[in-house]
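Have a look at structure_13.pdb below; it lists PDB, C-alpha atoms.
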ATOM      1  CA  MET D   1       0.000   0.000   0.000  1.00  0.00           C
ATOM      2  CA  GLU D   2       2.895   2.365   0.697  1.00  0.00           C
ATOM      3  CA  TYR D   3       4.266   1.764  -2.794  1.00  0.00           C
ATOM      4  CA  CYS D   4       0.786   2.371  -4.202  1.00  0.00           C
ATOM      5  CA  LYS D   5       0.571   5.633  -2.260  1.00  0.00           C
ATOM      6  CA  ARG D   6       3.861   6.823  -3.752  1.00  0.00           C
ATOM      7  CA  LEU D   7       2.596   6.023  -7.228  1.00  0.00           C
ATOM      8  CA  ARG D   8      -0.628   7.912  -6.593  1.00  0.00           C
ATOM      9  CA  ASP D   9       1.300  10.882  -5.247  1.00  0.00           C
ATOM     10  CA  GLY D  10       3.385  10.797  -8.396  1.00  0.00           C
ATOM     11  CA  CYS D  11       0.273  10.827 -10.546  1.00  0.00           C
ATOM     12  CA  HIS D  12      -1.148  13.773  -8.652  1.00  0.00           C
ATOM     13  CA  GLU D  13       2.139  15.650  -9.038  1.00  0.00           C
ATOM     14  CA  VAL D  14       2.091  15.022 -12.787  1.00  0.00           C
ATOM     15  CA  TRP D  15      -1.507  16.196 -12.918  1.00  0.00           C
ATOM     16  CA  ALA D  16      -0.815  19.385 -10.935  1.00  0.00           C
ATOM     17  CA  SER D  17       2.193  20.219 -13.086  1.00  0.00           C
ATOM     18  CA  THR D  18       0.344  19.581 -16.324  1.00  0.00           C
ATOM     19  CA  GLN D  19      -2.695  21.541 -15.184  1.00  0.00           C
ATOM     20  CA  ASN D  20      -0.447  24.588 -14.731  1.00  0.00           C
ATOM     21  CA  SER D  21       0.974  24.007 -18.192  1.00  0.00           C
ATOM     22  CA  ILE D  22      -2.504  23.794 -19.709  1.00  0.00           C
ATOM     23  CA  SER D  23      -3.518  27.028 -17.994  1.00  0.00           C
ATOM     24  CA  ALA D  24      -0.427  28.646 -19.457  1.00  0.00           C
ATOM     25  CA  GLY D  25      -1.387  27.188 -22.813  1.00  0.00           C
ATOM     26  CA  LYS D  26      -4.797  28.813 -22.555  1.00  0.00           C
ATOM     27  CA  ARG D  27      -3.169  32.196 -21.917  1.00  0.00           C
ATOM     28  CA  ASN D  28      -0.843  31.616 -24.865  1.00  0.00           C
ATOM     29  CA  ALA D  29      -3.782  30.787 -27.064  1.00  0.00           C
ATOM     30  CA  MET D  30      -5.310  34.132 -26.195  1.00  0.00           C
ATOM     31  CA  ARG D  31      -2.104  36.119 -26.715  1.00  0.00           C
ATOM     32  CA  LEU D  32      -0.389  34.302 -29.578  1.00  0.00           C
ATOM     33  CA  ASP D  33      -1.294  32.636 -32.812  1.00  0.00           C
ATOM     34  CA  GLN D  34      -4.152  30.165 -32.200  1.00  0.00           C
ATOM     35  CA  GLY D  35      -2.275  27.303 -33.850  1.00  0.00           C
ATOM     36  CA  LYS D  36       0.737  27.709 -31.545  1.00  0.00           C
ATOM     37  CA  GLY D  37      -1.504  27.863 -28.472  1.00  0.00           C
ATOM     38  CA  ASN D  38      -3.317  24.717 -29.577  1.00  0.00           C
ATOM     39  CA  ASN D  39      -0.032  22.891 -30.127  1.00  0.00           C
ATOM     40  CA  TYR D  40       1.078  23.872 -26.611  1.00  0.00           C
ATOM     41  CA  ASN D  41      -2.139  22.559 -25.096  1.00  0.00           C
ATOM     42  CA  GLU D  42      -2.030  19.344 -27.099  1.00  0.00           C
ATOM     43  CA  HIS D  43       1.575  18.647 -26.145  1.00  0.00           C
ATOM     44  CA  SER D  44       0.881  19.292 -22.440  1.00  0.00           C
ATOM     45  CA  VAL D  45      -2.072  16.931 -22.256  1.00  0.00           C
ATOM     46  CA  THR D  46      -0.368  14.251 -24.349  1.00  0.00           C
ATOM     47  CA  VAL D  47       2.590  14.306 -21.949  1.00  0.00           C
ATOM     48  CA  MET D  48       0.225  13.936 -18.995  1.00  0.00           C
ATOM     49  CA  PHE D  49      -1.643  10.963 -20.495  1.00  0.00           C
ATOM     50  CA  VAL D  50       1.574   9.154 -21.452  1.00  0.00           C
ATOM     51  CA  THR D  51       3.172   9.810 -18.047  1.00  0.00           C
ATOM     52  CA  LEU D  52       0.032   8.739 -16.203  1.00  0.00           C
ATOM     53  CA  ASP D  53      -0.086   5.434 -18.080  1.00  0.00           C
ATOM     54  CA  LYS D  54       3.593   4.775 -17.372  1.00  0.00           C
ATOM     55  CA  ILE D  55       3.226   5.494 -13.653  1.00  0.00           C
ATOM     56  CA  SER D  56       0.099   3.340 -13.372  1.00  0.00           C
ATOM     57  CA  GLN D  57       1.980   0.377 -14.849  1.00  0.00           C
ATOM     58  CA  GLY D  58       4.313   0.459 -11.852  1.00  0.00           C
ATOM     59  CA  ASP D  59       1.770  -1.519  -9.825  1.00  0.00           C
ATOM     60  CA  ILE D  60      -0.792  -3.450 -11.881  1.00  0.00           C
ATOM     61  CA  LYS D  61      -2.893  -4.205  -8.788  1.00  0.00           C
ATOM     62  CA  TYR D  62      -3.741  -0.520  -8.302  1.00  0.00           C
ATOM     63  CA  SER D  63      -3.346   0.778 -11.854  1.00  0.00           C
ATOM     64  CA  ASP D  64      -7.066   1.103 -12.624  1.00  0.00           C
ATOM     65  CA  ILE D  65      -7.883   3.025  -9.459  1.00  0.00           C
ATOM     66  CA  MET D  66      -5.048   5.464 -10.181  1.00  0.00           C
ATOM     67  CA  LEU D  67      -6.181   5.892 -13.772  1.00  0.00           C
ATOM     68  CA  LEU D  68      -9.835   6.472 -12.969  1.00  0.00           C
ATOM     69  CA  GLU D  69      -9.074   8.979 -10.196  1.00  0.00           C
ATOM     70  CA  ASN D  70      -6.703  11.000 -12.359  1.00  0.00           C
ATOM     71  CA  TYR D  71      -8.891  10.921 -15.461  1.00  0.00           C
ATOM     72  CA  ALA D  72     -11.815  12.046 -13.297  1.00  0.00           C
ATOM     73  CA  ALA D  73      -9.680  14.956 -12.028  1.00  0.00           C
ATOM     74  CA  PHE D  74      -8.824  15.863 -15.613  1.00  0.00           C
ATOM     75  CA  GLN D  75     -12.487  15.915 -16.626  1.00  0.00           C
ATOM     76  CA  ASN D  76     -13.590  17.955 -13.630  1.00  0.00           C
ATOM     77  CA  SER D  77     -10.867  20.572 -14.048  1.00  0.00           C
ATOM     78  CA  LEU D  78     -11.131  20.984 -17.807  1.00  0.00           C
ATOM     79  CA  TYR D  79     -14.862  20.730 -18.430  1.00  0.00           C
ATOM     80  CA  ASP D  80     -15.255  24.467 -19.024  1.00  0.00           C
ATOM     81  CA  LEU D  81     -11.829  24.924 -20.594  1.00  0.00           C
ATOM     82  CA  ALA D  82     -12.529  22.240 -23.209  1.00  0.00           C
ATOM     83  CA  ASN D  83     -15.376  24.404 -24.518  1.00  0.00           C
ATOM     84  CA  ILE D  84     -13.018  27.363 -24.899  1.00  0.00           C
ATOM     85  CA  VAL D  85      -9.950  25.605 -26.325  1.00  0.00           C
ATOM     86  CA  PRO D  86     -11.122  23.296 -29.160  1.00  0.00           C
ATOM     87  CA  THR D  87      -8.040  21.055 -29.152  1.00  0.00           C
ATOM     88  CA  LEU D  88      -8.697  20.127 -25.525  1.00  0.00           C
ATOM     89  CA  ALA D  89     -12.188  18.813 -26.330  1.00  0.00           C
ATOM     90  CA  LYS D  90     -10.865  15.624 -27.937  1.00  0.00           C
ATOM     91  CA  PHE D  91      -8.676  14.988 -24.891  1.00  0.00           C
ATOM     92  CA  TYR D  92     -11.653  15.552 -22.610  1.00  0.00           C
ATOM     93  CA  HIS D  93     -13.584  12.852 -24.492  1.00  0.00           C
ATOM     94  CA  GLN D  94     -10.528  10.587 -24.468  1.00  0.00           C
ATOM     95  CA  ALA D  95     -10.259  11.023 -20.709  1.00  0.00           C
ATOM     96  CA  SER D  96     -13.975  10.222 -20.358  1.00  0.00           C
ATOM     97  CA  GLU D  97     -13.573   6.982 -22.296  1.00  0.00           C
ATOM     98  CA  SER D  98     -10.435   6.027 -20.369  1.00  0.00           C
ATOM     99  CA  TYR D  99     -12.227   6.773 -17.086  1.00  0.00           C
ATOM    100  CA  GLU D 100     -15.161   4.511 -17.981  1.00  0.00           C
ATOM    101  CA  GLN D 101     -12.828   1.717 -19.099  1.00  0.00           C
ATOM    102  CA  ALA D 102     -10.800   1.918 -15.878  1.00  0.00           C
ATOM    103  CA  CYS D 103     -14.022   1.935 -13.834  1.00  0.00           C
ATOM    104  CA  GLN D 104     -15.283  -1.155 -15.636  1.00  0.00           C
ATOM    105  CA  ARG D 105     -12.058  -3.086 -15.047  1.00  0.00           C
ATOM    106  CA  PHE D 106     -11.873  -2.046 -11.390  1.00  0.00           C
ATOM    107  CA  ILE D 107     -15.520  -2.926 -10.731  1.00  0.00           C
ATOM    108  CA  SER D 108     -15.211  -6.311 -12.437  1.00  0.00           C
ATOM    109  CA  VAL D 109     -12.256  -7.199 -10.206  1.00  0.00           C
ATOM    110  CA  ILE D 110     -14.134  -6.114  -7.058  1.00  0.00           C
ATOM    111  CA  ILE D 111     -17.228  -8.153  -7.948  1.00  0.00           C
ATOM    112  CA  TYR D 112     -15.318 -11.227  -9.045  1.00  0.00           C
ATOM    113  CA  TYR D 113     -13.166 -11.159  -5.920  1.00  0.00           C
ATOM    114  CA  GLN D 114     -16.206 -11.111  -3.636  1.00  0.00           C
ATOM    115  CA  PHE D 115     -18.375 -13.551  -5.614  1.00  0.00           C
ATOM    116  CA  GLU D 116     -15.698 -15.618  -7.347  1.00  0.00           C
ATOM    117  CA  ARG D 117     -17.301 -19.026  -6.840  1.00  0.00           C
ATOM    118  CA  LEU D 118     -20.736 -17.863  -8.032  1.00  0.00           C
ATOM    119  CA  PHE D 119     -19.518 -16.326 -11.273  1.00  0.00           C
ATOM    120  CA  GLN D 120     -17.007 -19.103 -11.968  1.00  0.00           C
ATOM    121  CA  PHE D 121     -19.971 -21.463 -11.869  1.00  0.00           C
ATOM    122  CA  ALA D 122     -21.907 -19.134 -14.185  1.00  0.00           C
ATOM    123  CA  ARG D 123     -18.990 -18.988 -16.619  1.00  0.00           C
ATOM    124  CA  LYS D 124     -18.784 -22.785 -16.811  1.00  0.00           C
ATOM    125  CA  ILE D 125     -22.489 -22.950 -17.644  1.00  0.00           C
ATOM    126  CA  GLU D 126     -22.172 -20.216 -20.246  1.00  0.00           C
ATOM    127  CA  ASP D 127     -19.226 -21.957 -21.940  1.00  0.00           C
ATOM    128  CA  LEU D 128     -21.129 -25.241 -22.181  1.00  0.00           C
ATOM    129  CA  MET D 129     -24.362 -23.722 -23.475  1.00  0.00           C
ATOM    130  CA  SER D 130     -22.711 -23.136 -26.851  1.00  0.00           C
ATOM    131  CA  THR D 131     -21.830 -26.832 -27.235  1.00  0.00           C
ATOM    132  CA  ILE D 132     -24.540 -28.879 -25.475  1.00  0.00           C
ATOM    133  CA  THR D 133     -28.218 -28.476 -24.598  1.00  0.00           C
ATOM    134  CA  PRO D 134     -29.272 -26.926 -21.267  1.00  0.00           C
ATOM    135  CA  GLU D 135     -30.783 -30.270 -20.216  1.00  0.00           C
ATOM    136  CA  GLU D 136     -27.372 -31.964 -20.453  1.00  0.00           C
ATOM    137  CA  ILE D 137     -25.474 -29.452 -18.322  1.00  0.00           C
ATOM    138  CA  PRO D 138     -26.618 -30.724 -14.881  1.00  0.00           C
ATOM    139  CA  PHE D 139     -24.982 -34.063 -15.752  1.00  0.00           C
ATOM    140  CA  GLN D 140     -21.567 -32.488 -16.304  1.00  0.00           C
ATOM    141  CA  LEU D 141     -18.850 -32.787 -13.672  1.00  0.00           C
ATOM    142  CA  GLY D 142     -19.128 -30.004 -11.078  1.00  0.00           C
ATOM    143  CA  LEU D 143     -22.413 -28.680 -12.471  1.00  0.00           C
ATOM    144  CA  SER D 144     -25.014 -30.935 -10.869  1.00  0.00           C
ATOM    145  CA  LYS D 145     -28.022 -29.638  -8.992  1.00  0.00           C
ATOM    146  CA  ALA D 146     -26.209 -30.428  -5.755  1.00  0.00           C
ATOM    147  CA  ASP D 147     -23.227 -28.376  -6.952  1.00  0.00           C
ATOM    148  CA  LEU D 148     -25.549 -25.466  -7.731  1.00  0.00           C
ATOM    149  CA  ARG D 149     -27.035 -25.603  -4.241  1.00  0.00           C
ATOM    150  CA  LYS D 150     -23.571 -25.595  -2.661  1.00  0.00           C
ATOM    151  CA  VAL D 151     -22.538 -22.551  -4.715  1.00  0.00           C
ATOM    152  CA  ILE D 152     -25.737 -20.683  -3.869  1.00  0.00           C
ATOM    153  CA  LYS D 153     -25.347 -21.449  -0.178  1.00  0.00           C
ATOM    154  CA  SER D 154     -21.682 -20.428  -0.007  1.00  0.00           C
ATOM    155  CA  SER D 155     -22.077 -17.320  -2.163  1.00  0.00           C
ATOM    156  CA  LEU D 156     -25.489 -15.918  -1.257  1.00  0.00           C
ATOM    157  CA  SER D 157     -25.982 -16.834   2.398  1.00  0.00           C
ATOM    158  CA  GLY D 158     -25.561 -13.477   4.119  1.00  0.00           C
ATOM    159  CA  VAL D 159     -25.313 -11.760   0.741  1.00  0.00           C
ATOM    160  CA  ASP D 160     -25.942  -8.381   2.384  1.00  0.00           C
ATOM    161  CA  LYS D 161     -22.626  -8.754   4.245  1.00  0.00           C
ATOM    162  CA  SER D 162     -20.847  -9.692   1.021  1.00  0.00           C
ATOM    163  CA  ILE D 163     -22.243  -6.626  -0.742  1.00  0.00           C
ATOM    164  CA  MET D 164     -21.193  -4.437   2.167  1.00  0.00           C
ATOM    165  CA  ALA D 165     -17.719  -5.964   1.911  1.00  0.00           C
ATOM    166  CA  MET D 166     -17.649  -4.892  -1.748  1.00  0.00           C
ATOM    167  CA  TYR D 167     -18.586  -1.359  -0.741  1.00  0.00           C
ATOM    168  CA  LYS D 168     -15.837  -1.222   1.877  1.00  0.00           C
ATOM    169  CA  LYS D 169     -13.295  -2.485  -0.629  1.00  0.00           C
ATOM    170  CA  VAL D 170     -14.272   0.222  -3.119  1.00  0.00           C
ATOM    171  CA  GLN D 171     -14.143   2.836  -0.356  1.00  0.00           C
ATOM    172  CA  LYS D 172     -10.770   1.619   0.895  1.00  0.00           C
ATOM    173  CA  ASN D 173      -9.145   1.848  -2.529  1.00  0.00           C
ATOM    174  CA  LEU D 174     -10.398   5.337  -3.362  1.00  0.00           C
ATOM    175  CA  THR D 175      -8.482   8.411  -2.235  1.00  0.00           C
ATOM    176  CA  SER D 176     -11.253  10.710  -3.491  1.00  0.00           C
ATOM    177  CA  ASP D 177     -14.514  10.516  -1.535  1.00  0.00           C
ATOM    178  CA  GLU D 178     -16.237  12.480  -4.304  1.00  0.00           C
ATOM    179  CA  LEU D 179     -15.983   9.507  -6.656  1.00  0.00           C
ATOM    180  CA  LEU D 180     -17.396   6.959  -4.206  1.00  0.00           C
ATOM    181  CA  PRO D 181     -21.172   7.482  -4.833  1.00  0.00           C
ATOM    182  CA  SER D 182     -20.948   7.239  -8.625  1.00  0.00           C
ATOM    183  CA  LEU D 183     -18.469   4.349  -8.571  1.00  0.00           C
ATOM    184  CA  TRP D 184     -20.578   2.425  -6.068  1.00  0.00           C
ATOM    185  CA  ASP D 185     -23.672   2.936  -8.235  1.00  0.00           C
ATOM    186  CA  LYS D 186     -21.743   1.509 -11.200  1.00  0.00           C
ATOM    187  CA  CYS D 187     -20.658  -1.435  -9.061  1.00  0.00           C
ATOM    188  CA  LYS D 188     -24.201  -2.206  -7.923  1.00  0.00           C
ATOM    189  CA  LYS D 189     -25.546  -2.003 -11.478  1.00  0.00           C
ATOM    190  CA  GLU D 190     -22.818  -4.273 -12.831  1.00  0.00           C
ATOM    191  CA  PHE D 191     -23.385  -6.823 -10.073  1.00  0.00           C
ATOM    192  CA  LEU D 192     -27.146  -6.807 -10.660  1.00  0.00           C
ATOM    193  CA  ASP D 193     -26.653  -7.281 -14.414  1.00  0.00           C
ATOM    194  CA  LYS D 194     -24.335 -10.231 -13.787  1.00  0.00           C
ATOM    195  CA  TYR D 195     -26.718 -11.762 -11.259  1.00  0.00           C
ATOM    196  CA  GLU D 196     -29.687 -11.330 -13.594  1.00  0.00           C
ATOM    197  CA  SER D 197     -27.787 -13.165 -16.362  1.00  0.00           C
ATOM    198  CA  PHE D 198     -26.948 -15.913 -13.875  1.00  0.00           C
ATOM    199  CA  ALA D 199     -30.587 -16.214 -12.781  1.00  0.00           C
ATOM    200  CA  GLN D 200     -31.704 -16.541 -16.408  1.00  0.00           C
ATOM    201  CA  MET D 201     -29.205 -19.343 -17.021  1.00  0.00           C
ATOM    202  CA  VAL D 202     -30.298 -21.153 -13.858  1.00  0.00           C
ATOM    203  CA  ALA D 203     -33.936 -20.942 -14.983  1.00  0.00           C
ATOM    204  CA  LYS D 204     -33.006 -22.637 -18.276  1.00  0.00           C
ATOM    205  CA  VAL D 205     -30.597 -25.245 -16.937  1.00  0.00           C
ATOM    206  CA  TYR D 206     -32.082 -25.990 -13.499  1.00  0.00           C
ATOM    207  CA  PRO D 207     -35.813 -25.132 -13.843  1.00  0.00           C
ATOM    208  CA  SER D 208     -36.750 -26.998 -10.675  1.00  0.00           C
ATOM    209  CA  GLU D 209     -34.158 -25.200  -8.530  1.00  0.00           C
ATOM    210  CA  SER D 210     -34.815 -21.888  -6.779  1.00  0.00           C
ATOM    211  CA  ILE D 211     -32.371 -19.077  -6.099  1.00  0.00           C
ATOM    212  CA  PRO D 212     -32.948 -15.613  -4.581  1.00  0.00           C
ATOM    213  CA  PRO D 213     -35.015 -13.705  -7.173  1.00  0.00           C
ATOM    214  CA  VAL D 214     -33.554 -10.760  -9.074  1.00  0.00           C
ATOM    215  CA  SER D 215     -36.208  -8.467  -7.588  1.00  0.00           C
ATOM    216  CA  GLU D 216     -35.006  -9.352  -4.092  1.00  0.00           C
ATOM    217  CA  MET D 217     -31.400  -8.624  -5.046  1.00  0.00           C
ATOM    218  CA  ARG D 218     -32.426  -5.355  -6.690  1.00  0.00           C
ATOM    219  CA  GLY D 219     -34.230  -4.256  -3.525  1.00  0.00           C
ATOM    220  CA  LEU D 220     -31.262  -5.171  -1.354  1.00  0.00           C
ATOM    221  CA  LEU D 221     -28.852  -3.180  -3.544  1.00  0.00           C
ATOM    222  CA  ALA D 222     -31.213  -0.199  -3.595  1.00  0.00           C
ATOM    223  CA  SER D 223     -31.190  -0.101   0.199  1.00  0.00           C
ATOM    224  CA  MET D 224     -27.389   0.054   0.401  1.00  0.00           C
TER     225      MET D 224
END
Could I get this file's structure written as structure tokens?
Amino acid sequence: MEYCKRLRDGCHEVWASTQNSISAGKRNAMRLDQGKGNNYNEHSVTVMFVTLDKISQGDIKYSDIMLLENYAAFQNSLYDLANIVPTLAKFYHQASESYEQACQRFISVIIYYQFERLFQFARKIEDLMSTITPEEIPFQLGLSKADLRKVIKSSLSGVDKSIMAMYKKVQKNLTSDELLPSLWDKCKKEFLDKYESFAQMVAKVYPSESIPPVSEMRGLLASM
């Protein structure tokens, strides 16, 4: 965690330095030839993006959280400026896309870590559905009705505590409290989508088996 903190501090230093450069670029664009000002802005932001990616690669475990926090800072600081300096608009959109991609990767890791056994089981079913009929799947090794019941019991007994553990993990990794509400909403939506897909597969493959309904899971997530 200490190494991660140093990397994050490095990212924030790069961001602060580049933000000053971009502000200077805006002033140049107003005083000098527009093309020169645009080139200055473009170079400054390009340097920041390249440096940010390099720093984030220093620790793969925390790279996505560093990327999403810094790209969020870029968007927040340059929202108005991107409307004034045209060349910054494309970088704003690039940062938005990179932010969403980093969020998606981070959220997927959080969900899979907490519900690994459940979604491993779902993945095995999904892989087999393209080669054999749903009726045959319960007769495959590790995918019997008894196996399903074990997975449901181990993964969804006390599911509210598991979801709270996901929230705490998201909270622990973030250094910016401002991002927590939106990131947690993304996490809940992604988990619900995955669970809904799982429930649909179970209904096809194990029609006589019951699992917590999607509506129950949706209500639980809405309350947290």
Completion exercise
Shortest contact to D:Ala122, candidates D:Leu148, D:Leu52, D:Cys103, D:Leu81, atoms counted only C-alpha atoms, goes to D:Leu148
Determine, for each residue of stretch 68-122 of chain D having at least one atom at most 12 Å from an atom of stretch 194-198 of chain D, the closest pair of atoms and their separation in Å to one decimal, counting all atoms listed in the file; order by chain and ascending number, as CSV.
residue,atom,partner,partner_atom,distance
D:Ile107,CA,D:Lys194,CA,11.8
D:Ser108,CA,D:Lys194,CA,10.0
D:Ile111,CA,D:Lys194,CA,9.4
D:Tyr112,CA,D:Lys194,CA,10.2
D:Phe115,CA,D:Tyr195,CA,10.2
D:Leu118,CA,D:Phe198,CA,8.7
D:Phe119,CA,D:Phe198,CA,7.9
D:Gln120,CA,D:Phe198,CA,10.6
D:Phe121,CA,D:Phe198,CA,9.1
D:Ala122,CA,D:Phe198,CA,6.0
Exercise for the section: Just give me the gap between atom CA of D:Glu136 and atom CA of D:Phe191 in Å, one decimal is fine. Expected result: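 Separating atom CA of D:Glu136 from atom CA of D:Phe191 is a distance of 27.5 Å.
Nearest-residue note for D:Ala95: choosing from D:Tyr79, D:Phe139, D:Tyr62, D:Trp184, the minimum distance belongs to D:Tyr79, counting only C-alpha atoms.
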Exercise for the section: Show which residues sit within 12 Å of stretch 165-176 of chain D, as a ChimeraX atom specification. Count all atoms listed in the file, and ignore same-chain residues fewer than 4 positions away. Expected result: /D:1,4-5,8-9,12,61-70,72-73,103,106-115,158-161,180-188,191,221,224
Exercise for the section: Determine the nearest neighbour of D:Pro212 from the options D:Leu156, D:Ile125, D:Ile132, D:Leu192, counting only C-alpha atoms. Expected result: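 The shortest atom-to-atom distance to D:Pro212 comes from D:Leu156.
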Practice task
Would you mind reading off the distance between atom CA of D:Ser162 and atom CA of D:Arg149, one decimal, in Å?
Solution key: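 Calculated distance between atom CA of D:Ser162 and atom CA of D:Arg149 is 17.9 Å.
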Handout entry: Given all atoms listed in the file as the counted atoms, nearest of D:Lys124, D:Lys204, D:Asp177, D:Ile163 to D:Met217
Key = D:Ile163
Handout entry: Spatial neighbours of D:Lys145, max dist 10 Å, only C-alpha atoms, sep filter under 3 positions, as number ranges by chain
Key = D: 137-139, 142, 148-151, 205-206, 208-209
Exercise for the section: Select, from D:Tyr92, D:Ser44, D:Thr51, D:Ala199, the residue with the minimum atom-to-atom distance to D:Ser77, counting all atoms listed in the file. Expected result: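 Between D:Tyr92, D:Ser44, D:Thr51, D:Ala199, the residue approaching D:Ser77 most closely is D:Tyr92.
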Completion exercise
Counting all atoms listed in the file, closest pick from D:Met201, D:Asp80, D:Met164, D:Ile55 relative to D:Leu220 is D:Met164
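From atom CA of D:Gln75 back to atom CA of D:Ser96, the distance works out to 7.0 Å.
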